[in-house]
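Structure data (TSV, C-alpha atoms) from final.tsv:
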```
chain	number	residue	atom	x	y	z
A	1	LEU	CA	3.89	-10.12	17.62
A	2	ALA	CA	4.95	-13.16	19.64
A	3	VAL	CA	6.53	-11.02	22.38
A	4	GLY	CA	3.59	-8.64	22.25
A	5	SER	CA	1.20	-11.54	22.83
A	6	ILE	CA	3.09	-12.51	25.97
A	7	ALA	CA	3.13	-8.87	27.08
A	8	LYS	CA	-0.66	-8.64	26.70
A	9	GLN	CA	-1.06	-11.81	28.79
A	10	ILE	CA	1.03	-10.24	31.55
A	11	LEU	CA	-1.00	-7.03	31.40
A	12	ARG	CA	-4.25	-9.01	31.68
A	13	GLU	CA	-3.03	-10.40	35.01
A	14	PHE	CA	-3.32	-6.82	36.29
A	15	GLY	CA	-6.62	-6.06	34.59
A	16	ILE	CA	-5.01	-4.00	31.83
A	17	MET	CA	-6.69	-4.66	28.50
A	18	GLY	CA	-5.94	-3.26	25.06
A	19	PHE	CA	-6.99	-3.42	21.44
A	20	SER	CA	-6.49	-1.71	18.08
A	21	HIS	CA	-8.83	-0.59	15.33
A	22	VAL	CA	-8.59	1.21	11.99
A	23	ILE	CA	-10.00	4.74	11.77
A	24	GLN	CA	-8.97	5.64	8.22
A	25	ILE	CA	-7.98	3.98	4.93
A	26	GLY	CA	-7.14	6.30	2.08
A	27	ASN	CA	-9.64	9.16	2.24
A	28	VAL	CA	-12.30	7.07	4.02
A	29	LYS	CA	-12.52	8.06	7.69
A	30	LEU	CA	-14.38	6.55	10.61
A	31	ASP	CA	-16.84	9.22	11.73
A	32	PHE	CA	-19.14	7.04	13.84
A	33	TYR	CA	-17.69	5.47	16.98
A	34	PRO	CA	-19.59	2.89	19.07
A	35	LYS	CA	-20.40	4.23	22.54
A	36	THR	CA	-17.91	2.14	24.51
A	37	TYR	CA	-14.41	0.77	24.05
A	38	THR	CA	-15.82	-2.73	24.53
A	39	LEU	CA	-18.14	-2.28	21.55
A	40	ILE	CA	-15.36	-0.77	19.43
A	41	LYS	CA	-13.15	-3.77	20.18
A	42	GLU	CA	-15.90	-6.32	19.47
A	43	LYS	CA	-16.81	-4.72	16.15
A	44	ALA	CA	-13.18	-4.26	15.08
A	45	GLU	CA	-12.23	-7.85	15.86
A	46	LYS	CA	-15.03	-9.10	13.59
A	47	SER	CA	-14.06	-6.82	10.68
A	48	ASP	CA	-11.54	-7.81	8.01
A	49	VAL	CA	-10.41	-4.16	7.87
A	50	ARG	CA	-10.56	-3.80	11.69
A	51	CYS	CA	-13.16	-1.02	11.42
A	52	ALA	CA	-15.80	-0.66	14.15
A	53	ASP	CA	-18.52	0.68	11.84
A	54	ASP	CA	-20.02	-1.56	9.15
A	55	LEU	CA	-20.85	1.21	6.66
A	56	THR	CA	-17.40	2.76	6.96
A	57	ALA	CA	-15.85	-0.69	6.59
A	58	ASP	CA	-17.76	-1.18	3.32
A	59	ARG	CA	-16.45	2.14	2.02
A	60	MET	CA	-12.91	1.15	3.05
A	61	ARG	CA	-13.18	-2.12	1.15
A	62	ASN	CA	-14.42	-0.28	-1.92
A	63	ALA	CA	-11.48	2.12	-1.70
A	64	ILE	CA	-9.07	-0.82	-1.45
A	65	ASP	CA	-10.69	-2.55	-4.44
A	66	GLU	CA	-10.46	0.63	-6.53
A	67	ALA	CA	-6.79	1.12	-5.63
A	68	SER	CA	-6.05	-2.54	-6.38
A	69	ALA	CA	-7.72	-2.30	-9.80
A	70	ALA	CA	-5.57	0.74	-10.56
A	71	GLY	CA	-2.39	-1.05	-9.45
A	72	ASP	CA	-2.00	1.41	-6.59
A	73	THR	CA	-1.77	1.17	-2.79
A	74	LEU	CA	-3.37	2.91	0.21
A	75	GLY	CA	-2.21	4.08	3.61
A	76	GLY	CA	-4.34	5.05	6.57
A	77	LYS	CA	-4.65	5.57	10.29
A	78	PHE	CA	-5.18	3.27	13.27
A	79	GLU	CA	-5.81	3.69	16.97
A	80	VAL	CA	-4.43	1.66	19.88
A	81	ILE	CA	-6.23	1.87	23.23
A	82	PHE	CA	-5.29	0.36	26.60
A	83	GLY	CA	-7.62	0.73	29.57
A	84	ASN	CA	-7.61	0.19	33.34
A	85	ILE	CA	-4.11	1.63	33.57
A	86	PRO	CA	-2.61	2.23	37.04
A	87	ILE	CA	-1.71	5.83	37.83
A	88	GLY	CA	1.98	6.77	37.88
A	89	LEU	CA	3.57	4.53	35.26
A	90	GLY	CA	6.39	6.22	33.35
A	91	SER	CA	8.57	9.12	34.44
A	92	TYR	CA	8.45	12.90	34.64
A	93	VAL	CA	12.16	13.13	35.49
A	94	HIS	CA	14.09	11.82	32.47
A	95	TRP	CA	13.30	12.78	28.88
A	96	ASP	CA	14.06	9.28	27.63
A	97	LYS	CA	11.80	7.61	30.18
A	98	SER	CA	8.59	9.57	29.64
A	99	LEU	CA	5.88	7.11	28.69
A	100	ASP	CA	4.46	9.07	25.77
A	101	GLY	CA	7.94	9.38	24.27
A	102	ARG	CA	8.61	5.66	24.65
A	103	LEU	CA	5.27	4.68	23.14
A	104	ALA	CA	5.75	7.10	20.26
A	105	GLN	CA	9.20	5.67	19.53
A	106	ALA	CA	7.88	2.10	19.61
A	107	ILE	CA	5.05	2.84	17.18
A	108	MET	CA	7.15	5.13	14.97
A	109	SER	CA	9.76	2.40	14.55
A	110	ILE	CA	7.26	0.23	12.67
A	111	PRO	CA	8.17	0.40	8.96
A	112	ALA	CA	5.80	2.68	6.98
A	113	VAL	CA	4.50	4.51	10.07
A	114	LYS	CA	5.10	8.22	9.47
A	115	ALA	CA	3.31	9.90	12.39
A	116	VAL	CA	2.23	9.10	15.96
A	117	GLU	CA	-0.28	10.99	18.10
A	118	ILE	CA	-1.20	10.70	21.77
A	119	GLY	CA	-4.76	11.56	22.78
A	120	ALA	CA	-6.09	14.54	20.84
A	121	GLY	CA	-2.82	14.57	18.87
A	122	VAL	CA	-2.74	17.03	15.98
A	123	ASP	CA	-6.23	18.24	16.87
A	124	SER	CA	-4.63	19.87	19.92
A	125	ALA	CA	-3.56	22.71	17.63
A	126	PHE	CA	-7.21	23.68	17.13
A	127	LEU	CA	-8.28	23.53	20.78
A	128	LYS	CA	-8.13	26.39	23.27
A	129	GLY	CA	-6.62	25.65	26.65
A	130	SER	CA	-10.08	25.57	28.21
A	131	GLN	CA	-11.10	22.93	25.67
A	132	MET	CA	-7.90	20.90	25.59
A	133	HIS	CA	-7.15	20.23	29.24
A	134	ASP	CA	-9.11	17.46	30.92
A	135	GLU	CA	-10.92	18.87	33.93
A	136	ILE	CA	-11.12	16.78	37.10
A	137	PHE	CA	-14.41	16.33	38.95
A	138	VAL	CA	-15.45	14.34	41.99
A	139	LYS	CA	-18.52	12.29	42.81
A	140	ASN	CA	-18.95	10.17	45.93
A	141	LYS	CA	-15.32	10.95	46.75
A	142	THR	CA	-14.20	9.44	43.44
A	143	ALA	CA	-12.31	11.59	40.93
A	144	TYR	CA	-13.29	11.44	37.26
A	145	ARG	CA	-12.87	13.31	33.96
A	146	ASN	CA	-15.33	13.90	31.15
A	147	THR	CA	-12.63	14.10	28.47
A	148	ASN	CA	-9.35	12.38	27.67
A	149	ASN	CA	-7.52	14.73	25.33
A	150	ALA	CA	-4.26	13.89	27.11
A	151	GLY	CA	-4.63	10.29	25.98
A	152	GLY	CA	-4.08	8.97	29.48
A	153	ILE	CA	-0.60	10.48	29.87
A	154	GLU	CA	0.39	13.75	31.56
A	155	GLY	CA	3.93	14.81	32.40
A	156	GLY	CA	5.27	11.56	30.95
A	157	MET	CA	3.20	9.43	33.35
A	158	THR	CA	-0.16	7.66	33.29
A	159	ASN	CA	-3.03	9.57	34.89
A	160	GLY	CA	-5.50	6.69	35.19
A	161	GLU	CA	-7.41	7.41	31.99
A	162	PRO	CA	-7.19	5.02	29.00
A	163	ILE	CA	-4.03	5.36	26.93
A	164	VAL	CA	-4.96	6.39	23.39
A	165	ILE	CA	-2.37	6.27	20.58
A	166	LYS	CA	-2.94	7.02	16.90
A	167	GLY	CA	-0.54	5.96	14.16
A	168	THR	CA	-0.46	7.03	10.52
A	169	MET	CA	0.84	4.54	7.97
A	170	LYS	CA	1.93	5.52	4.47
A	171	ALA	CA	0.88	3.60	1.37
A	172	ILE	CA	3.36	0.78	0.81
A	173	PRO	CA	5.75	1.28	-2.14
A	174	THR	CA	5.52	-2.19	-3.75
A	175	MET	CA	2.82	-1.45	-6.31
A	176	ARG	CA	1.97	-2.71	-9.77
A	177	LYS	CA	1.87	0.87	-11.05
A	178	ALA	CA	5.61	1.31	-11.62
A	179	LEU	CA	7.14	4.57	-10.41
A	180	ALA	CA	10.10	6.33	-11.97
A	181	THR	CA	13.54	5.55	-10.61
A	182	ILE	CA	17.09	5.22	-11.96
A	183	ASP	CA	19.51	2.44	-12.89
A	184	ILE	CA	22.52	3.10	-10.63
A	185	ASN	CA	24.79	1.12	-12.97
A	186	ASN	CA	24.63	3.77	-15.66
A	187	MET	CA	22.49	6.50	-14.01
A	188	SER	CA	19.82	6.16	-16.67
A	189	PRO	CA	16.03	6.51	-16.17
A	190	ALA	CA	14.23	3.29	-15.22
A	191	SER	CA	10.97	1.98	-13.76
A	192	ALA	CA	10.66	0.39	-10.34
A	193	HIS	CA	10.69	-3.42	-10.38
A	194	PHE	CA	7.51	-5.21	-9.28
A	195	GLU	CA	7.62	-8.41	-7.25
A	196	ARG	CA	4.38	-8.51	-5.29
A	197	SER	CA	2.15	-6.04	-3.46
A	198	ASP	CA	-0.53	-5.82	-0.81
A	199	THR	CA	-2.91	-3.00	-1.64
A	200	CYS	CA	-3.39	-1.96	2.00
A	201	ALA	CA	-1.59	-3.14	5.14
A	202	VAL	CA	-3.12	-0.73	7.66
A	203	PRO	CA	-5.19	-3.38	9.54
A	204	ALA	CA	-2.09	-5.55	9.96
A	205	CYS	CA	-0.04	-2.55	11.08
A	206	ALA	CA	-2.64	-1.80	13.76
A	207	VAL	CA	-2.12	-5.27	15.26
A	208	VAL	CA	1.66	-4.81	15.24
A	209	ALA	CA	1.30	-1.42	16.95
A	210	GLU	CA	-0.92	-2.97	19.63
A	211	ALA	CA	1.83	-5.50	20.35
A	212	ARG	CA	4.54	-2.83	20.45
A	213	ALA	CA	2.53	-0.73	22.90
A	214	ALA	CA	1.92	-3.75	25.14
A	215	ILE	CA	5.66	-4.40	25.38
A	216	ILE	CA	6.35	-0.82	26.50
A	217	LEU	CA	3.53	-0.96	29.07
A	218	VAL	CA	4.95	-4.15	30.57
A	219	ASP	CA	8.36	-2.47	30.76
A	220	VAL	CA	7.04	0.52	32.74
A	221	LEU	CA	4.88	-1.75	34.92
A	222	LEU	CA	7.94	-3.79	35.89
A	223	GLU	CA	9.95	-0.63	36.51
A	224	LYS	CA	7.25	0.53	38.92
A	225	LEU	CA	6.59	-2.76	40.73
A	226	GLY	CA	9.84	-4.71	40.45
A	227	GLY	CA	10.00	-8.42	41.17
A	228	ASP	CA	11.38	-11.41	39.26
A	229	SER	CA	8.22	-13.53	39.24
A	230	LEU	CA	4.57	-12.92	38.47
A	231	GLU	CA	3.62	-13.76	42.04
A	232	GLU	CA	6.04	-11.18	43.46
A	233	ILE	CA	4.92	-8.52	40.97
A	234	LYS	CA	1.27	-9.16	41.89
A	235	SER	CA	2.15	-8.90	45.58
A	236	ASN	CA	3.83	-5.53	44.97
A	237	PHE	CA	0.85	-4.43	42.90
A	238	LYS	CA	-1.58	-5.10	45.76
A	239	GLN	CA	0.44	-3.10	48.30
```
Write-out of the structure in structure tokens:
Amino acid sequence: LAVGSIAKQILREFGIMGFSHVIQIGNVKLDFYPKTYTLIKEKAEKSDVRCADDLTADRMRNAIDEASAAGDTLGGKFEVIFGNIPIGLGSYVHWDKSLDGRLAQAIMSIPAVKAVEIGAGVDSAFLKGSQMHDEIFVKNKTAYRNTNNAGGIEGGMTNGEPIVIKGTMKAIPTMRKALATIDINNMSPASAHFERSDTCAVPACAVVAEARAAIILVDVLLEKLGGDSLEEIKSNFKQ
């Protein structure tokens, strides 16, 4: 988180801003999204479960309370979004340098994260090509798109649209409801030992994922611009 905070400060110097919010806890999903990313961020930052809709947040809290009372835990899903991204960050040449692959690895490496999606993610399976691919239009000689199913990355490189990453976190295993295990000393049945447990860590995981993504974005920004000082990097950025 400390390195991620520094990374976000560097990104802000270039107008790149990011945030995270929770879109699912247990079986409670966020169905209503505020109209803009700015509103989503403002609402999420004020929520203890990092949810941008008050009614959904209430349902999430109820689900957490119910799981806690039962001695159980809950997983969920979060979204990380970074906007005002320059075009051309990343690489289409090397498999290990594609930006979507690097972001996925960074988020997937967070303990308890079991799946990562970029843009439309798993919903891509249900979309026809005519629905999936983000058409390009022009107005007043400025190109724009009406959709962002690619999540801001095409061919391993940024395309100018916001980067959208979804991560799925499993329910943490340290629960009061003891699960079956074995005693390896004599291979006999046993119950898992309980020390302590958070019922749901998805909001915290979202913040960690935001930091991880920021670090990767700084890496690819430096690879593109070069320079060993902020002033030099900014000079290269303006050229």
Checklist entry - Leaving out Lys8 in chain A and any residue of its chain fewer than 4 positions from it, which residues lie within 9 Å of it when counting all atoms listed in the file, given as a PyMOL selection string? => result chain A and resi 3-4+12-13+16-18+211+214-215+218
Checklist entry - Nearest to Gly152 in chain A: which of A:Leu225, A:Ala120, A:Val93, A:Met169 is it, counting all atoms listed in the file? => result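 Once distances to Gly152 in chain A are computed over all atoms listed in the file, the minimum belongs to A:Ala120.
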Checklist entry - Got a sec: who's within 9 Å of Asn84 in chain A, counting only C-alpha atoms, leaving out chain neighbours fewer than 4 positions off, as a list in words? => result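 Surrounding residues, per the criterion: Phe14, Gly15, Ile16, Met17, Gly160, Glu161, Pro162 and Ile163 of chain A.
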Next on the checklist: Just want the 12 Å neighbourhood of Ala201 in chain A, counted on only C-alpha atoms, with same-chain residues fewer than 3 positions away dropped. Output as an NGL selection string.
Outcome noted: :A and (22 or 24-26 or 48-50 or 64 or 73-78 or 111-113 or 168-174 or 197-198 or 204-208)
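Across the model, the gap from CA of Lys141 in chain A to CA of Val164 in chain A is 26.0 Å.
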Checklist entry - Near Asp65 in chain A, counting all atoms listed in the file, which residues have an atom at most 10 Å away, once you skip same-chain residues fewer than 6 positions from it, shown as a VMD selection string? => result chain A and resid 59 71 to 73 199 to 200
Next on the checklist: Just the number, please: distance in Å from CA of Ile107 in chain A to CA of Asn149 in chain A, one decimal.
Outcome noted: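 Answer for the CA of Ile107 in chain A to CA of Asn149 in chain A separation: 19.1 Å.
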Item to check | Using only C-alpha atoms: which of A:Leu127, A:Ala67, A:Met157, A:Leu99 has the shortest distance to Ala213 in chain A | outcome: A:Leu99
Checklist entry - How many Å separate CA of Phe237 in chain A from CA of Gly83 in chain A? => result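 Computing the Euclidean distance for CA of Phe237 in chain A and CA of Gly83 in chain A yields 16.6 Å.
Using all atoms listed in the file for every distance, the candidate list A:Glu79, A:Ala106, A:Gly101, A:Met60 yields A:Met60 as the residue closest to Asn27 in chain A.
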Checklist entry - In file coordinates, which residues lie within 7 Å of (0.9, -1.2, -9.1) using only C-alpha atoms, given as a ChimeraX atom specification? => result /A:70-72,175-178
Item to check | 9 Å contact set for Asp53 in chain A, only C-alpha atoms, chain neighbours under 3 positions out, as a ChimeraX atom specification | outcome: /A:30-34,40,43-44,47,56-58
Box centre and edge lengths (Å, one decimal), axis-aligned, range 35-49 of chain A plus 4 Å each side, as lines of an AutoDock Vina configuration file:
```
center_x = -15.4
center_y = -2.4
center_z = 16.2
size_x = 18.0
size_y = 21.3
size_z = 24.7
```
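If only C-alpha atoms are the atoms counted, then among A:Asp183, A:Gly156, A:Ala209, A:Tyr144 the closest residue to Asp96 in chain A is A:Gly156.
All protein and nucleic acid residues in the vicinity of (-2.5, 9.7, 18.1), that is within 9 Å when counting all atoms listed in the file, are Phe78, Glu79, Val80, Ala104, Ala115, Val116, Glu117, Ile118, Gly119, Ala120, Gly121, Val122, Gly151, Val164, Ile165, Lys166, Gly167 and Thr168 of chain A.
Using all atoms listed in the file, the smallest distance between any of A:Gly88, A:Pro203, A:Gly129, A:Pro189 and Glu154 in chain A comes from A:Gly88.
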Checklist entry - Nearest to Ser20 in chain A among A:Val202, A:Gly226, A:Arg102, A:Glu210, with distances taken over all atoms listed in the file: which residue is it? => result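 Looking at the shortest contact to Ser20 in chain A, the residue is A:Glu210.
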